[in-house]
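Written out below as structure tokens is the structure these notes cover.
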Amino acid sequence: DNALWYTRQLGGGGAWAPWASLGGTIVGVPSVLLNSFGRVEVYGRGVDNALWYTRRLGLNNAWAPWASLGGTLVGDPYVTAGTGGAFYAFGLGADNALWSSRQLSAGRWSSWTSLGGTLTSAPLAYGNGHGLNVFARGLGNSLWGIGQAGLNDGWGPWTDLGGALY
């Protein structure tokens, strides 16, 4: 049904809750992380190719309604915490470039910005304490990366890291 379904572990005994639908209509693999309150947030590409998200509101298993963050993605998104704790969303755009949006405050995100590149896979990102690094397969099936130097220092050039990824 293209809805997101989830289960959770009940206490320390190893039992699991029944599967439950969070609704929404997403395609591909969602990106999941914990916010600063220790609550789960889920991001997924909708059938309209925009980035959609929902978050757990508290311990009573209530979830926020799905909300669109816009964008035009053609692959699975990747969302991670960056310098200063802000979330960054990354995705492969229709032009095969890497596109990014940054959380400005709760529920507010920046406009989508192209970081360039010519990619052939969904991105992965990680923080190194000083900024973010993003990796994806590029033309020629090699690994390509781009790095950020701090919150407002911009992004460096794309670097071909070699290898053969299939």
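Here, A, B, ... name the chains of the structure tokens in the order displayed, residue numbers run from 1 inside each chain, and ligands are numbered from 1 in the same displayed order.
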Ser121 of chain A surroundings by only C-alpha atoms, 9 Å radius, close-in-sequence under 5 positions cut, as an MDAnalysis selection string: chainID A and resid 75:76 92 96 136:138
As a list in words, please: the residues near segment 144-150 of chain A (cut-off 9 Å, only C-alpha atoms, same-chain neighbours under 6 positions excluded).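 Returned residues: Gly82, Thr83, Gly84, Leu115, Gly117, Leu119, Gly129, His130, Gly131, Leu132, Asn133, Val134, Phe135, Ala136, Arg137, Gly138, Gly156, Pro157, Trp158, Thr159, Asp160, Leu161 and Gly162 of chain A.
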Export, as a short mmCIF file (atom, residue, chain, number, x, y, z; two decimals), in the first residue's frame, the selected residues with all heavy atoms.
data_model
loop_
_atom_site.label_atom_id
_atom_site.label_comp_id
_atom_site.auth_asym_id
_atom_site.auth_seq_id
_atom_site.Cartn_x
_atom_site.Cartn_y
_atom_site.Cartn_z
N GLY A 82 24.04 17.33 11.28
CA GLY A 82 25.31 17.96 10.92
C GLY A 82 25.85 18.79 12.06
O GLY A 82 25.41 18.68 13.21
N THR A 83 26.81 19.64 11.76
CA THR A 83 27.41 20.53 12.73
C THR A 83 26.34 21.38 13.39
O THR A 83 25.46 21.91 12.73
CB THR A 83 28.45 21.43 12.03
OG1 THR A 83 29.38 20.59 11.36
CG2 THR A 83 29.17 22.31 13.03
N GLY A 84 26.39 21.50 14.68
CA GLY A 84 25.41 22.29 15.41
C GLY A 84 24.10 21.56 15.65
O GLY A 84 23.17 22.12 16.20
N LEU A 115 24.19 20.73 -5.10
CA LEU A 115 25.62 20.64 -4.79
C LEU A 115 26.39 20.07 -5.98
O LEU A 115 27.56 19.75 -5.85
CB LEU A 115 25.85 19.79 -3.53
CG LEU A 115 25.20 20.33 -2.26
CD1 LEU A 115 25.47 19.41 -1.09
CD2 LEU A 115 25.66 21.74 -1.96
N GLY A 117 27.65 17.66 -9.15
CA GLY A 117 28.01 16.26 -9.32
C GLY A 117 27.13 15.60 -10.37
O GLY A 117 26.10 16.14 -10.79
N LEU A 119 25.69 11.92 -10.38
CA LEU A 119 25.62 10.73 -9.54
C LEU A 119 24.72 9.67 -10.14
O LEU A 119 23.80 9.97 -10.89
CB LEU A 119 25.11 11.12 -8.15
CG LEU A 119 25.86 12.27 -7.49
CD1 LEU A 119 25.23 12.61 -6.16
CD2 LEU A 119 27.33 11.94 -7.34
N GLY A 129 32.56 16.05 12.83
CA GLY A 129 32.83 16.98 13.91
C GLY A 129 33.07 18.40 13.44
O GLY A 129 32.97 19.33 14.21
N HIS A 130 33.43 18.57 12.18
CA HIS A 130 33.69 19.90 11.61
C HIS A 130 32.76 20.22 10.46
O HIS A 130 32.75 21.34 9.96
CB HIS A 130 35.15 20.01 11.14
CG HIS A 130 36.13 19.71 12.20
ND1 HIS A 130 36.38 20.57 13.24
CD2 HIS A 130 36.92 18.64 12.40
CE1 HIS A 130 37.29 20.05 14.03
NE2 HIS A 130 37.63 18.88 13.56
N GLY A 131 32.03 19.26 10.00
CA GLY A 131 31.13 19.43 8.86
C GLY A 131 30.64 18.07 8.42
O GLY A 131 30.74 17.09 9.15
N LEU A 132 30.11 18.00 7.23
CA LEU A 132 29.58 16.76 6.69
C LEU A 132 30.38 16.31 5.48
O LEU A 132 30.97 17.13 4.78
CB LEU A 132 28.12 16.95 6.26
CG LEU A 132 27.11 17.19 7.37
CD1 LEU A 132 25.77 17.61 6.77
CD2 LEU A 132 26.95 15.94 8.20
N ASN A 133 30.37 15.01 5.25
CA ASN A 133 30.92 14.43 4.04
C ASN A 133 29.81 13.61 3.41
O ASN A 133 29.11 12.88 4.10
CB ASN A 133 32.11 13.52 4.35
CG ASN A 133 33.29 14.32 4.84
OD1 ASN A 133 33.86 15.10 4.12
ND2 ASN A 133 33.64 14.14 6.11
N VAL A 134 29.64 13.74 2.09
CA VAL A 134 28.60 13.02 1.37
C VAL A 134 29.27 12.19 0.28
O VAL A 134 30.19 12.66 -0.40
CB VAL A 134 27.57 13.99 0.74
CG1 VAL A 134 26.45 13.22 0.07
CG2 VAL A 134 27.01 14.94 1.79
N PHE A 135 28.79 10.95 0.12
CA PHE A 135 29.36 10.03 -0.85
C PHE A 135 28.25 9.42 -1.69
O PHE A 135 27.15 9.20 -1.21
CB PHE A 135 30.12 8.90 -0.14
CG PHE A 135 31.23 9.40 0.74
CD1 PHE A 135 31.02 9.60 2.09
CD2 PHE A 135 32.47 9.67 0.20
CE1 PHE A 135 32.03 10.07 2.90
CE2 PHE A 135 33.49 10.15 1.00
CZ PHE A 135 33.27 10.34 2.36
N ALA A 136 28.57 9.14 -2.94
CA ALA A 136 27.64 8.46 -3.84
C ALA A 136 28.45 7.88 -5.00
O ALA A 136 29.58 8.30 -5.26
CB ALA A 136 26.58 9.42 -4.37
N ARG A 137 27.84 6.94 -5.71
CA ARG A 137 28.46 6.41 -6.92
C ARG A 137 28.26 7.44 -8.02
O ARG A 137 27.18 8.00 -8.18
CB ARG A 137 27.81 5.08 -7.29
CG ARG A 137 28.48 4.41 -8.51
CD ARG A 137 27.82 3.10 -8.87
NE ARG A 137 26.42 3.34 -9.19
CZ ARG A 137 25.41 2.59 -8.76
NH1 ARG A 137 25.62 1.54 -8.00
NH2 ARG A 137 24.17 2.88 -9.11
N GLY A 138 29.31 7.69 -8.78
CA GLY A 138 29.25 8.64 -9.88
C GLY A 138 29.46 7.95 -11.21
O GLY A 138 29.47 6.72 -11.31
N GLY A 156 33.13 21.92 -0.55
CA GLY A 156 34.31 21.81 -1.40
C GLY A 156 33.94 21.22 -2.75
O GLY A 156 32.77 20.95 -3.02
N PRO A 157 34.92 20.97 -3.58
CA PRO A 157 34.65 20.37 -4.90
C PRO A 157 34.42 18.87 -4.75
O PRO A 157 34.83 18.24 -3.78
CB PRO A 157 35.95 20.63 -5.66
CG PRO A 157 37.00 20.68 -4.61
CD PRO A 157 36.33 21.31 -3.40
N TRP A 158 33.76 18.30 -5.74
CA TRP A 158 33.60 16.85 -5.81
C TRP A 158 34.95 16.20 -6.07
O TRP A 158 35.76 16.73 -6.84
CB TRP A 158 32.62 16.47 -6.92
CG TRP A 158 31.21 16.64 -6.52
CD1 TRP A 158 30.41 17.73 -6.76
CD2 TRP A 158 30.42 15.72 -5.79
NE1 TRP A 158 29.17 17.52 -6.22
CE2 TRP A 158 29.14 16.29 -5.62
CE3 TRP A 158 30.64 14.45 -5.25
CZ2 TRP A 158 28.11 15.65 -4.93
CZ3 TRP A 158 29.62 13.81 -4.59
CH2 TRP A 158 28.37 14.40 -4.44
N THR A 159 35.21 15.07 -5.44
CA THR A 159 36.47 14.35 -5.60
C THR A 159 36.16 12.90 -6.00
O THR A 159 35.35 12.23 -5.36
CB THR A 159 37.27 14.33 -4.28
OG1 THR A 159 37.49 15.68 -3.88
CG2 THR A 159 38.59 13.61 -4.44
N ASP A 160 36.82 12.44 -7.05
CA ASP A 160 36.70 11.05 -7.47
C ASP A 160 37.62 10.23 -6.58
O ASP A 160 38.83 10.38 -6.60
CB ASP A 160 37.10 10.90 -8.93
CG ASP A 160 36.91 9.50 -9.48
OD1 ASP A 160 36.66 8.56 -8.69
OD2 ASP A 160 37.01 9.33 -10.71
N LEU A 161 37.03 9.32 -5.77
CA LEU A 161 37.79 8.52 -4.82
C LEU A 161 38.16 7.16 -5.40
O LEU A 161 38.75 6.32 -4.70
CB LEU A 161 37.01 8.37 -3.52
CG LEU A 161 36.67 9.70 -2.85
CD1 LEU A 161 35.73 9.50 -1.68
CD2 LEU A 161 37.94 10.42 -2.42
N GLY A 162 37.80 6.91 -6.65
CA GLY A 162 38.16 5.66 -7.31
C GLY A 162 37.28 4.50 -6.92
O GLY A 162 36.19 4.66 -6.39
#
Run DSSP on the backbone and tell me which residues of segment 77-111 of chain A come out as strand (DSSP E); list them as a list in words.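 The residues of segment 77-111 of chain A classed as strand (DSSP E) are Tyr78, Val79, Thr80, Ala81, Phe87, Tyr88, Ala89, Phe90, Gly91, Leu92, Leu98, Trp99, Ser100, Ser101, Arg102, Gln103, Leu104, Ser105, Arg108 and Trp109 of chain A.
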So, counting only C-alpha atoms, which residue among A:Leu57, A:Leu165, A:Ala106, A:Val74 is closest to Ala122 of chain A? A:Val74
Considering only C-alpha atoms, return as an MDAnalysis selection string whatever protein or nucleic-acid residues lie within 6 Å of Tyr88 of chain A, sequence-local ones (same chain, fewer than 2 positions apart) excluded. chainID A and resid 79:80 101:102
So that I have them on file, write out the residues from the current selection with N, CA, C and O atoms, as a tab-separated table (two decimals), in the first residue's frame.
chain	number	residue	atom	x	y	z
A	79	VAL	N	19.03	11.53	5.40
A	79	VAL	CA	18.95	12.65	6.34
A	79	VAL	C	19.88	12.33	7.50
A	79	VAL	O	19.89	11.21	8.02
A	80	THR	N	20.67	13.33	7.91
A	80	THR	CA	21.62	13.13	9.00
A	80	THR	C	21.77	14.42	9.80
A	80	THR	O	21.41	15.50	9.30
A	101	SER	N	18.90	20.16	1.54
A	101	SER	CA	18.12	21.13	2.30
A	101	SER	C	18.56	21.00	3.76
A	101	SER	O	18.88	19.90	4.21
A	102	ARG	N	18.58	22.11	4.49
A	102	ARG	CA	19.03	22.12	5.89
A	102	ARG	C	17.90	22.59	6.79
A	102	ARG	O	17.19	23.55	6.47
Give me the residues near Gly107 of chain A as a PyMOL selection string, where near means some atom within 10 Å (using only C-alpha atoms) and where sequence neighbours in that chain fewer than 5 positions away do not count. chain A and resi 53+67+69
Selection from above, C-alpha atoms, as a short mmCIF file (atom, residue, chain, number, x, y, z; two decimals), in the first residue's frame, can you write it?
data_model
loop_
_atom_site.label_atom_id
_atom_site.label_comp_id
_atom_site.auth_asym_id
_atom_site.auth_seq_id
_atom_site.Cartn_x
_atom_site.Cartn_y
_atom_site.Cartn_z
CA TYR A 53 8.52 13.35 6.92
CA ALA A 67 4.43 16.92 5.90
CA LEU A 69 9.65 19.35 2.55
#
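In terms of minimum interatomic distance to Pro65 of chain A, A:Gly24 ranks closest within A:Pro123, A:Gly91, A:Gly24, A:Gly44, counting only C-alpha atoms.
Separating atom CA of Tyr6 of chain A from atom CA of Trp112 of chain A is a distance of 28.6 Å.
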Rounded to one decimal in Å, what is the spacing between atom CA of Ala97 of chain A and atom CA of Trp66 of chain A?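 Going from atom CA of Ala97 of chain A over to atom CA of Trp66 of chain A, I get 26.0 Å.
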Excluding Trp19 of chain A and residues on its chain fewer than 5 positions from it, collect all residues at most 9 Å away from it, counting only C-alpha atoms, and give them as a PDB file with C-alpha atoms, in the first residue's frame.
ATOM      1  CA  TRP A   5       4.700   0.327   8.597  1.00  0.00           C
ATOM      2  CA  TYR A   6       6.630  -0.084  11.841  1.00  0.00           C
ATOM      3  CA  THR A   7       6.987  -2.191  14.954  1.00  0.00           C
ATOM      4  CA  ARG A   8       8.833  -1.563  18.196  1.00  0.00           C
TER       5      ARG A   8
END
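For the choices A:Ala62, A:Ser100, A:Thr118, A:Ser110, the atom-to-atom distance to Trp155 of chain A is smallest for A:Ser100 when using only C-alpha atoms.
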